[in-house]
$ cat final25.csv   # CSV, C-alpha atoms
chain,number,residue,atom,x,y,z
A,1,MET,CA,102.5,69.5,116.2
A,2,HIS,CA,100.4,69.1,113.2
A,3,GLU,CA,100.7,65.3,112.6
A,4,LEU,CA,96.9,65.0,113.1
A,5,GLN,CA,96.0,67.4,110.4
A,6,VAL,CA,98.5,66.1,108.0
A,7,THR,CA,97.4,62.5,108.6
A,8,GLU,CA,93.8,63.4,108.2
A,9,ARG,CA,94.6,64.9,104.9
A,10,ILE,CA,96.5,61.8,103.8
A,11,LEU,CA,93.5,59.7,104.7
A,12,SER,CA,90.9,61.9,103.0
A,13,VAL,CA,93.0,62.1,99.8
A,14,VAL,CA,93.5,58.3,99.6
A,15,LEU,CA,89.8,57.5,100.4
A,16,LYS,CA,88.8,60.0,97.7
A,17,HIS,CA,91.0,58.3,95.1
A,18,ALA,CA,89.8,54.8,96.2
A,19,THR,CA,86.1,55.7,95.8
A,20,GLY,CA,84.5,54.2,92.7
A,21,GLN,CA,87.6,52.1,91.9
A,22,ASN,CA,86.3,48.8,93.2
A,23,VAL,CA,88.7,48.9,96.1
A,24,SER,CA,88.1,46.6,99.1
A,25,ARG,CA,91.2,47.6,101.0
A,26,ILE,CA,94.2,50.0,100.8
A,27,VAL,CA,97.3,48.0,101.6
A,28,ARG,CA,100.2,50.5,101.1
A,29,ILE,CA,100.5,54.2,100.5
A,30,HIS,CA,103.6,55.7,98.8
A,31,LEU,CA,104.2,59.1,100.3
A,32,ARG,CA,107.0,61.6,99.6
A,33,VAL,CA,107.8,63.9,102.5
A,34,GLY,CA,110.1,66.8,102.2
A,35,GLU,CA,113.4,66.6,104.2
A,36,LEU,CA,112.4,70.0,105.8
A,37,SER,CA,109.3,68.5,107.4
A,38,ASP,CA,109.7,68.0,111.2
A,39,LEU,CA,107.3,65.1,111.3
A,40,GLU,CA,108.7,61.7,112.2
A,41,ASP,CA,107.7,58.8,109.9
A,42,GLU,CA,106.8,56.6,112.9
A,43,TRP,CA,104.4,59.2,114.3
A,44,ILE,CA,102.7,59.8,111.0
A,45,GLN,CA,102.1,56.0,110.9
A,46,HIS,CA,100.7,56.0,114.5
A,47,TYR,CA,98.3,58.8,113.8
A,48,PHE,CA,97.3,57.1,110.5
A,49,ASP,CA,96.6,53.8,112.3
A,50,TYR,CA,94.4,55.6,114.7
A,51,LEU,CA,92.4,57.7,112.2
A,52,SER,CA,92.0,54.9,109.6
A,53,ARG,CA,90.2,52.5,111.9
A,54,GLY,CA,87.0,51.3,110.3
A,55,THR,CA,87.9,52.6,106.9
A,56,MET,CA,89.2,50.7,103.8
A,57,ALA,CA,92.6,52.2,104.7
A,58,GLU,CA,92.7,50.4,108.1
A,59,ASN,CA,96.1,48.6,108.5
A,60,ALA,CA,97.6,50.3,105.4
A,61,LYS,CA,101.3,50.9,105.7
A,62,LEU,CA,102.8,54.2,104.8
A,63,ALA,CA,105.9,53.8,102.7
A,64,ILE,CA,107.6,57.2,103.2
A,65,THR,CA,110.5,58.4,101.1
A,66,ARG,CA,112.1,61.7,102.0
A,67,THR,CA,112.4,64.3,99.2
A,68,PRO,CA,115.9,65.8,99.4
A,69,ILE,CA,116.4,69.5,99.9
A,70,VAL,CA,117.5,70.9,96.5
A,71,ALA,CA,118.8,74.5,96.1
A,72,ARG,CA,119.5,76.5,93.0
A,73,CYS,CA,122.3,79.0,92.8
A,74,ASP,CA,121.3,82.5,91.9
A,75,THR,CA,124.5,83.2,90.1
A,76,CYS,CA,125.2,80.1,87.9
A,77,ALA,CA,121.7,78.5,88.1
A,78,CYS,CA,123.1,75.1,88.9
A,79,SER,CA,120.9,72.9,91.2
A,80,PHE,CA,122.4,70.7,94.0
A,81,GLU,CA,121.3,68.8,97.0
A,82,VAL,CA,121.8,70.2,100.5
A,83,LYS,CA,121.8,68.3,103.7
A,84,ARG,CA,119.4,69.6,106.3
A,85,ASP,CA,122.0,70.3,108.9
A,86,ALA,CA,124.2,72.1,106.3
A,87,LEU,CA,121.5,74.4,105.2
A,88,GLY,CA,122.6,77.5,107.2
A,89,ASP,CA,126.0,77.6,105.5
A,90,ALA,CA,125.4,76.0,102.1
A,91,THR,CA,127.4,77.4,99.2
A,92,CYS,CA,127.2,76.6,95.5
A,93,PRO,CA,129.5,73.7,94.6
A,94,GLN,CA,130.2,75.3,91.2
A,95,CYS,CA,130.9,78.9,92.0
A,96,ALA,CA,130.9,79.0,95.9
A,97,GLU,CA,128.2,81.7,95.8
A,98,ARG,CA,125.9,81.9,98.9
A,99,ARG,CA,122.8,83.3,97.2
A,100,LEU,CA,120.6,80.2,96.9
A,101,GLU,CA,117.0,79.5,96.3
A,102,LEU,CA,115.3,76.4,97.7
A,103,VAL,CA,113.7,74.4,94.9
A,104,SER,CA,112.3,71.5,96.8
A,105,GLY,CA,112.4,69.8,100.2
A,106,SER,CA,109.0,70.7,101.8
A,107,GLY,CA,105.5,69.3,101.5
A,108,TYR,CA,103.7,66.0,101.5
A,109,PHE,CA,103.0,64.3,98.2
A,110,ILE,CA,101.0,61.1,97.8
A,111,GLU,CA,102.5,59.2,94.8
A,112,ASN,CA,100.3,56.2,94.6
A,113,MET,CA,98.7,53.4,96.6
A,114,GLU,CA,98.5,49.6,96.5
A,115,VAL,CA,95.0,48.3,96.8
A,116,LEU,CA,93.0,45.1,96.8
B,1,MET,CA,87.0,41.2,92.0
B,2,SER,CA,90.5,39.8,91.8
B,3,ASP,CA,92.8,39.4,94.8
B,4,ALA,CA,95.8,40.8,93.1
B,5,VAL,CA,97.3,44.0,94.5
B,6,ARG,CA,96.7,46.9,92.0
B,7,LEU,CA,98.4,50.3,91.9
B,8,ILE,CA,96.3,53.5,91.9
B,9,GLU,CA,98.1,56.7,90.9
B,10,VAL,CA,97.3,59.5,93.3
B,11,LYS,CA,99.9,62.3,92.5
B,12,GLU,CA,98.4,64.7,95.0
B,13,GLU,CA,100.1,67.2,97.3
B,14,ILE,CA,98.1,67.0,100.5
B,15,HIS,CA,98.2,70.7,101.1
B,16,ALA,CA,96.6,71.3,97.6
B,17,ASP,CA,93.2,72.2,99.1
B,18,ASN,CA,94.8,74.6,101.6
B,19,ASP,CA,96.8,76.3,98.8
B,20,ARG,CA,93.7,76.7,96.7
B,21,VAL,CA,91.9,78.5,99.6
B,22,ALA,CA,95.0,80.6,100.2
B,23,ARG,CA,94.9,81.7,96.5
B,24,GLU,CA,91.2,82.6,96.8
B,25,ILE,CA,92.0,84.7,99.9
B,26,ARG,CA,94.7,86.6,98.0
B,27,ALA,CA,92.3,87.2,95.1
B,28,ARG,CA,89.6,88.5,97.5
B,29,LEU,CA,92.2,90.8,99.2
B,30,ALA,CA,93.3,92.2,95.9
B,31,GLU,CA,89.7,93.0,95.0
B,32,LYS,CA,89.2,94.7,98.4
B,33,ARG,CA,92.6,96.4,98.1
B,34,ALA,CA,93.6,95.0,101.5
B,35,PHE,CA,97.0,93.7,102.5
B,36,LEU,CA,97.4,90.6,104.7
B,37,LEU,CA,100.4,90.0,106.8
B,38,ASN,CA,101.1,86.7,108.6
B,39,LEU,CA,103.1,87.2,111.8
B,40,MET,CA,104.8,84.0,113.2
B,41,SER,CA,107.1,83.4,116.1
B,42,SER,CA,107.6,81.4,119.3
B,43,PRO,CA,105.4,82.1,122.3
B,44,GLY,CA,106.7,85.1,124.2
B,45,SER,CA,108.8,86.7,121.5
B,46,GLY,CA,106.7,89.9,121.5
B,47,LYS,CA,104.1,89.4,118.7
B,48,THR,CA,101.3,91.3,120.4
B,49,GLN,CA,103.6,94.2,121.4
B,50,THR,CA,105.2,94.3,117.9
B,51,ILE,CA,101.7,94.6,116.4
B,52,LEU,CA,100.7,97.4,118.8
B,53,LYS,CA,103.9,99.3,118.1
B,54,THR,CA,103.5,98.9,114.4
B,55,ILE,CA,100.0,100.2,114.5
B,56,GLU,CA,101.1,103.0,116.7
B,57,VAL,CA,103.6,104.1,114.0
B,58,LEU,CA,101.4,103.5,110.9
B,59,GLY,CA,98.0,104.0,112.4
B,60,GLU,CA,97.5,107.4,110.8
B,61,LYS,CA,98.4,106.1,107.4
B,62,PHE,CA,96.6,102.8,107.2
B,63,ARG,CA,93.5,101.3,108.8
B,64,PHE,CA,94.5,98.1,110.6
B,65,GLY,CA,92.6,95.0,111.6
B,66,VAL,CA,94.0,92.0,113.5
B,67,LEU,CA,93.2,88.3,113.5
B,68,GLU,CA,94.3,86.8,116.8
B,69,ALA,CA,95.0,83.0,116.8
B,70,ASP,CA,95.3,81.3,120.1
B,71,ILE,CA,94.8,77.7,121.1
B,72,ASP,CA,92.4,78.6,123.9
B,73,SER,CA,92.3,82.2,125.2
B,74,LYS,CA,91.4,85.7,124.1
B,75,VAL,CA,93.8,87.8,126.2
B,76,ASP,CA,95.7,89.1,123.1
B,77,ALA,CA,92.5,90.0,121.2
B,78,GLU,CA,91.2,91.9,124.3
B,79,LEU,CA,94.5,93.8,124.5
B,80,ILE,CA,94.3,94.8,120.8
B,81,ALA,CA,90.6,95.7,120.9
B,82,ALA,CA,91.2,97.9,124.0
B,83,ARG,CA,93.2,100.2,121.7
B,84,GLY,CA,90.2,100.6,119.4
B,85,ILE,CA,91.6,98.3,116.7
B,86,SER,CA,89.2,95.8,114.9
B,87,ALA,CA,90.2,92.4,116.3
B,88,VAL,CA,88.8,88.9,115.6
B,89,GLN,CA,89.7,86.1,117.9
B,90,LEU,CA,90.3,82.7,116.3
B,91,ARG,CA,90.5,79.9,118.8
B,92,THR,CA,92.2,77.1,117.0
B,93,GLY,CA,90.8,74.5,119.5
B,94,GLY,CA,94.1,72.8,120.1
B,95,PHE,CA,95.6,73.2,116.6
B,96,CYS,CA,99.1,74.5,116.6
B,97,HIS,CA,98.8,76.7,113.6
B,98,LEU,CA,96.3,78.5,111.3
B,99,ASP,CA,95.4,77.2,107.9
B,100,ALA,CA,93.9,79.1,105.0
B,101,SER,CA,90.3,78.1,105.8
B,102,MET,CA,90.5,79.4,109.4
B,103,VAL,CA,91.9,82.7,108.1
B,104,ALA,CA,89.1,82.9,105.5
B,105,LYS,CA,86.6,82.6,108.4
B,106,GLY,CA,88.4,85.3,110.4
B,107,LEU,CA,88.5,87.6,107.4
B,108,ALA,CA,84.8,87.1,106.8
B,109,ALA,CA,84.2,88.6,110.3
B,110,LEU,CA,86.1,91.8,109.4
B,111,ASP,CA,84.9,94.6,107.2
B,112,LEU,CA,87.6,94.6,104.5
B,113,ASP,CA,86.2,97.7,102.8
B,114,ALA,CA,87.1,99.7,106.0
B,115,LEU,CA,90.6,98.2,106.3
B,116,ASP,CA,93.9,98.6,104.5
B,117,VAL,CA,96.1,96.1,106.5
B,118,VAL,CA,95.1,93.0,108.4
B,119,ILE,CA,97.7,91.3,110.6
B,120,ILE,CA,97.4,87.7,111.5
B,121,GLU,CA,98.9,86.9,114.9
B,122,ASN,CA,99.6,83.2,114.3
B,123,VAL,CA,99.9,80.6,117.0
B,124,GLY,CA,103.1,80.9,119.0
B,125,ASN,CA,105.2,78.1,117.4
B,126,LEU,CA,108.2,78.0,115.1
B,127,VAL,CA,107.4,74.6,113.5
B,128,CYS,CA,103.8,74.1,112.3
B,129,PRO,CA,102.7,77.6,111.0
B,130,ALA,CA,105.6,77.4,108.5
B,131,GLU,CA,103.9,74.6,106.6
B,132,PHE,CA,100.6,76.3,105.9
B,133,ASP,CA,100.0,79.0,103.4
B,134,THR,CA,97.5,81.4,105.1
B,135,GLY,CA,96.7,83.4,102.1
B,136,ALA,CA,98.8,86.3,103.4
B,137,ASN,CA,100.7,88.6,101.0
B,138,ARG,CA,103.8,88.5,103.2
B,139,ASN,CA,105.2,86.3,105.9
B,140,VAL,CA,107.0,88.0,108.8
B,141,MET,CA,108.6,86.2,111.7
B,142,ILE,CA,110.0,87.4,115.0
B,143,LEU,CA,113.0,85.9,116.8
B,144,SER,CA,113.7,87.5,120.1
B,145,VAL,CA,117.2,87.8,121.6
B,146,PRO,CA,116.5,85.6,124.7
B,147,GLU,CA,115.6,82.7,122.4
B,148,GLY,CA,119.2,82.4,121.1
B,149,ASP,CA,120.9,82.8,117.7
B,150,ASP,CA,120.8,79.0,117.0
B,151,LYS,CA,117.1,78.9,116.1
B,152,PRO,CA,117.7,79.0,112.3
B,153,LEU,CA,119.6,75.7,112.7
B,154,LYS,CA,116.7,74.1,114.7
B,155,TYR,CA,113.7,75.5,112.7
B,156,PRO,CA,115.0,76.0,109.1
B,157,LEU,CA,111.6,75.8,107.4
B,158,MET,CA,110.3,78.9,109.2
B,159,PHE,CA,113.3,81.0,108.1
B,160,THR,CA,112.9,79.8,104.5
B,161,VAL,CA,109.2,80.8,104.2
B,162,SER,CA,109.5,84.2,105.8
B,163,ASP,CA,110.0,87.5,103.8
B,164,VAL,CA,111.1,89.4,106.9
B,165,LEU,CA,112.8,88.5,110.1
B,166,LEU,CA,112.3,90.9,113.0
B,167,VAL,CA,115.0,90.4,115.7
B,168,ASN,CA,113.0,91.7,118.7
B,169,LYS,CA,114.1,92.6,122.2
B,170,ILE,CA,117.5,94.1,121.1
B,171,ASP,CA,117.4,95.9,124.4
B,172,TYR,CA,118.5,92.4,125.8
B,173,LEU,CA,121.6,92.2,123.7
B,174,GLY,CA,124.7,91.8,125.8
B,175,LEU,CA,122.9,89.8,128.5
B,176,SER,CA,123.6,86.5,126.8
B,177,ASP,CA,125.9,85.1,124.2
B,178,PHE,CA,123.4,86.0,121.4
B,179,ASP,CA,125.5,87.2,118.4
B,180,PRO,CA,123.5,89.2,115.8
B,181,VAL,CA,126.2,88.8,113.2
B,182,ARG,CA,126.2,85.0,113.6
B,183,LEU,CA,122.4,85.0,113.4
B,184,ARG,CA,122.4,87.1,110.2
B,185,GLN,CA,124.9,84.7,108.6
B,186,ARG,CA,122.8,81.6,109.5
B,187,VAL,CA,119.6,83.2,108.4
B,188,LEU,CA,120.9,84.5,105.1
B,189,GLY,CA,122.4,81.1,104.4
B,190,LEU,CA,118.9,79.7,104.6
B,191,ASN,CA,117.1,82.5,102.8
B,192,PRO,CA,119.2,85.1,101.0
B,193,ARG,CA,116.2,87.2,100.1
B,194,ILE,CA,114.9,87.7,103.7
B,195,GLN,CA,114.9,91.3,105.1
B,196,ILE,CA,116.2,91.5,108.6
B,197,PHE,CA,115.3,94.3,111.0
B,198,GLU,CA,116.6,94.6,114.6
B,199,ILE,CA,114.0,96.1,116.8
B,200,SER,CA,112.8,96.6,120.3
B,201,ALA,CA,109.0,96.8,120.2
B,202,LYS,CA,109.2,97.9,123.8
B,203,THR,CA,111.5,100.9,123.5
B,204,GLY,CA,110.8,101.6,119.8
B,205,ARG,CA,114.4,101.3,118.8
B,206,GLY,CA,114.8,100.2,115.1
B,207,VAL,CA,111.1,100.1,114.6
B,208,ASP,CA,111.1,102.8,111.9
B,209,ALA,CA,113.1,100.8,109.4
B,210,TRP,CA,110.6,97.9,109.8
B,211,THR,CA,107.5,100.2,109.5
B,212,ASP,CA,109.1,102.0,106.4
B,213,TRP,CA,109.5,98.6,104.7
B,214,LEU,CA,105.9,97.6,105.6
B,215,SER,CA,104.5,100.9,104.5
B,216,ALA,CA,106.3,100.6,101.1
B,217,GLU,CA,105.1,97.0,100.6
B,218,VAL,CA,101.5,97.9,101.4
B,219,SER,CA,101.6,100.9,99.1
B,220,ARG,CA,103.1,98.9,96.3
B,221,LEU,CA,100.5,96.1,96.6
B,222,VAL,CA,97.3,97.9,97.4
B,223,GLY,CA,98.3,101.5,97.1
$ encode --input "final25.csv" --output "structure tokens"
Amino acid sequence: MHELQVTERILSVVLKHATGQNVSRIVRIHLRVGELSDLEDEWIQHYFDYLSRGTMAENAKLAITRTPIVARCDTCACSFEVKRDALGDATCPQCAERRLELVSGSGYFIENMEVL
Amino acid sequence: MSDAVRLIEVKEEIHADNDRVAREIRARLAEKRAFLLNLMSSPGSGKTQTILKTIEVLGEKFRFGVLEADIDSKVDAELIAARGISAVQLRTGGFCHLDASMVAKGLAALDLDALDVVIIENVGNLVCPAEFDTGANRNVMILSVPEGDDKPLKYPLMFTVSDVLLVNKIDYLGLSDFDPVRLRQRVLGLNPRIQIFEISAKTGRGVDAWTDWLSAEVSRLVG
């Protein structure tokens, strides 16, 4: 699994944004993770705790919100949320069409961070 | 310095750097008129054999190179190189996938002026490779019959990022409860645009439809 690389990226991005901002400590990081990601919140935090030792992000908590999977219907263009386990047989709630495009639900987006 | 907690806006996608390198790779490929295909699947689904079969069919038409990613071995690269095909081994050193910067390094070791198509044999894994844009022009995945038709339910992301699904080892159909129709429904539910080809890289059955598609894509993109 790629927890390590994802977590390294989170750390490097927050440290970059903290530099020159008169930050002594990063307390909390607000992260949006796509519902399609297979990474568990708990494990992302474990890796982060390990990697961030000795940096200003040591002991920072990751506040993770899951970004829902949103699909758009090819036929009527309406957008709607799809549950992960319903993905294989999702149909458009407006016109029951099966041709859908995924609009969101993947990736790792750092929203902001609380610092001292 | 005050002790009050402040908020710093970050607003950054953590794969942004990877995506930038991937775009640079595509720009360089366009300049060199080379086509990059990213091949992903579980271990043992027949990636190396599918590559060899594909090159056997299209080898007269295009000049092929292969980037072999493995966590820690070079058996596949040796197999490919033994057929006289340019192959570069990328040992990922424990990483479960290739990212764009690893691919850029591998491409730098190949002479792109002397190649039309480069195939990346990604690390055998249906989870991690799906999250990283490698800079490829097209993503192709293999699901082999012995793995079962329930895989789209377990690894939805891989099926949504792939342009083509090769259902390999169709010579094993009938030996398990694998249902090609049910698989097709599940996959198209996740990704209605995906092209599905049923093949046996071993016997060659169904391979022509796949190589015709690839040939047309390569001609269209790098002609």
$ interface_residues --input "final25.csv" --of "chain B" --to "chain A" --cutoff "6 Å" --atoms "only C-alpha atoms" --output "JSON, numbers by chain"
{"B": [5, 6, 7, 8, 9, 10, 11, 12, 13, 14, 186, 189, 190, 192]}
$ residues_around --input "final25.csv" --residues "segment 63-78 of chain B" --least-positions-apart "3" --cutoff "10 Å" --atoms "all atoms listed in the file" --output "PyMOL selection string"
chain B and resi 34-38+47-49+51+54-55+58-60+81-98+102-103+106-107+109-112+114-124
$ atom_distance --input "final25.csv" --atom1 "atom CA of Val181 of chain B" --atom2 "atom CA of Val218 of chain B"
28.8 Å
$ residues_near_point --input "final25.csv" --point "(101.8, 97.5, 96.3)" --cutoff "12 Å" --atoms "all atoms listed in the file" --output "PyMOL selection string"
chain B and resi 30+33-36+116-117+137-138+213-223
$ write_last_selection --input "final25.csv" --atoms "C-alpha atoms" --output "mmCIF file, in the coordinates of the input"
data_model
loop_
_atom_site.group_PDB
_atom_site.id
_atom_site.type_symbol
_atom_site.label_atom_id
_atom_site.label_comp_id
_atom_site.auth_asym_id
_atom_site.auth_seq_id
_atom_site.Cartn_x
_atom_site.Cartn_y
_atom_site.Cartn_z
ATOM 1 C CA ALA B 30 93.300 92.200 95.900
ATOM 2 C CA ARG B 33 92.600 96.400 98.100
ATOM 3 C CA ALA B 34 93.600 95.000 101.500
ATOM 4 C CA PHE B 35 97.000 93.700 102.500
ATOM 5 C CA LEU B 36 97.400 90.600 104.700
ATOM 6 C CA ASP B 116 93.900 98.600 104.500
ATOM 7 C CA VAL B 117 96.100 96.100 106.500
ATOM 8 C CA ASN B 137 100.700 88.600 101.000
ATOM 9 C CA ARG B 138 103.800 88.500 103.200
ATOM 10 C CA TRP B 213 109.500 98.600 104.700
ATOM 11 C CA LEU B 214 105.900 97.600 105.600
ATOM 12 C CA SER B 215 104.500 100.900 104.500
ATOM 13 C CA ALA B 216 106.300 100.600 101.100
ATOM 14 C CA GLU B 217 105.100 97.000 100.600
ATOM 15 C CA VAL B 218 101.500 97.900 101.400
ATOM 16 C CA SER B 219 101.600 100.900 99.100
ATOM 17 C CA ARG B 220 103.100 98.900 96.300
ATOM 18 C CA LEU B 221 100.500 96.100 96.600
ATOM 19 C CA VAL B 222 97.300 97.900 97.400
ATOM 20 C CA GLY B 223 98.300 101.500 97.100
#
$ closest_residue --input "final25.csv" --among "B:Pro152, B:Asp171, B:Ser162, B:Lys61" --to "Gly204 of chain B" --atoms "only C-alpha atoms"
B:Asp171
$ atom_distance --input "final25.csv" --atom1 "atom CA of Glu40 of chain A" --atom2 "atom CA of Ser104 of chain A"
18.6 Å
$ closest_residue --input "final25.csv" --among "B:Leu166, B:Val140, B:Leu79, B:Ala27" --to "Leu52 of chain B" --atoms "only C-alpha atoms"
B:Leu79
$ residues_around --input "final25.csv" --residues "Arg23 of chain B" --least-positions-apart "5" --cutoff "12 Å" --atoms "all atoms listed in the file" --output "list in words"
Ala16, Asp17, Asn18, Arg28, Leu29, Ala30, Ala100, Ser101, Ala104, Asp133, Thr134, Gly135, Ala136 and Asn137 of chain B
$ residues_near_point --input "final25.csv" --point "(124.3, 77.0, 89.8)" --cutoff "9 Å" --atoms "all atoms listed in the file" --output "list of chain:residue names"
A:Ala71, A:Arg72, A:Cys73, A:Asp74, A:Thr75, A:Cys76, A:Ala77, A:Cys78, A:Ser79, A:Phe80, A:Cys92, A:Pro93, A:Gln94, A:Cys95, A:Glu97, A:Leu100
$ write_last_selection --input "final25.csv" --atoms "C-alpha atoms" --output "PDB file, keeping the file's coordinate frame"
ATOM      1  CA  ALA A  71     118.800  74.500  96.100  1.00  0.00           C
ATOM      2  CA  ARG A  72     119.500  76.500  93.000  1.00  0.00           C
ATOM      3  CA  CYS A  73     122.300  79.000  92.800  1.00  0.00           C
ATOM      4  CA  ASP A  74     121.300  82.500  91.900  1.00  0.00           C
ATOM      5  CA  THR A  75     124.500  83.200  90.100  1.00  0.00           C
ATOM      6  CA  CYS A  76     125.200  80.100  87.900  1.00  0.00           C
ATOM      7  CA  ALA A  77     121.700  78.500  88.100  1.00  0.00           C
ATOM      8  CA  CYS A  78     123.100  75.100  88.900  1.00  0.00           C
ATOM      9  CA  SER A  79     120.900  72.900  91.200  1.00  0.00           C
ATOM     10  CA  PHE A  80     122.400  70.700  94.000  1.00  0.00           C
ATOM     11  CA  CYS A  92     127.200  76.600  95.500  1.00  0.00           C
ATOM     12  CA  PRO A  93     129.500  73.700  94.600  1.00  0.00           C
ATOM     13  CA  GLN A  94     130.200  75.300  91.200  1.00  0.00           C
ATOM     14  CA  CYS A  95     130.900  78.900  92.000  1.00  0.00           C
ATOM     15  CA  GLU A  97     128.200  81.700  95.800  1.00  0.00           C
ATOM     16  CA  LEU A 100     120.600  80.200  96.900  1.00  0.00           C
TER      17      LEU A 100
END
$ atom_distance --input "final25.csv" --atom1 "atom CA of Asp149 of chain B" --atom2 "atom CA of Thr211 of chain B"
23.4 Å
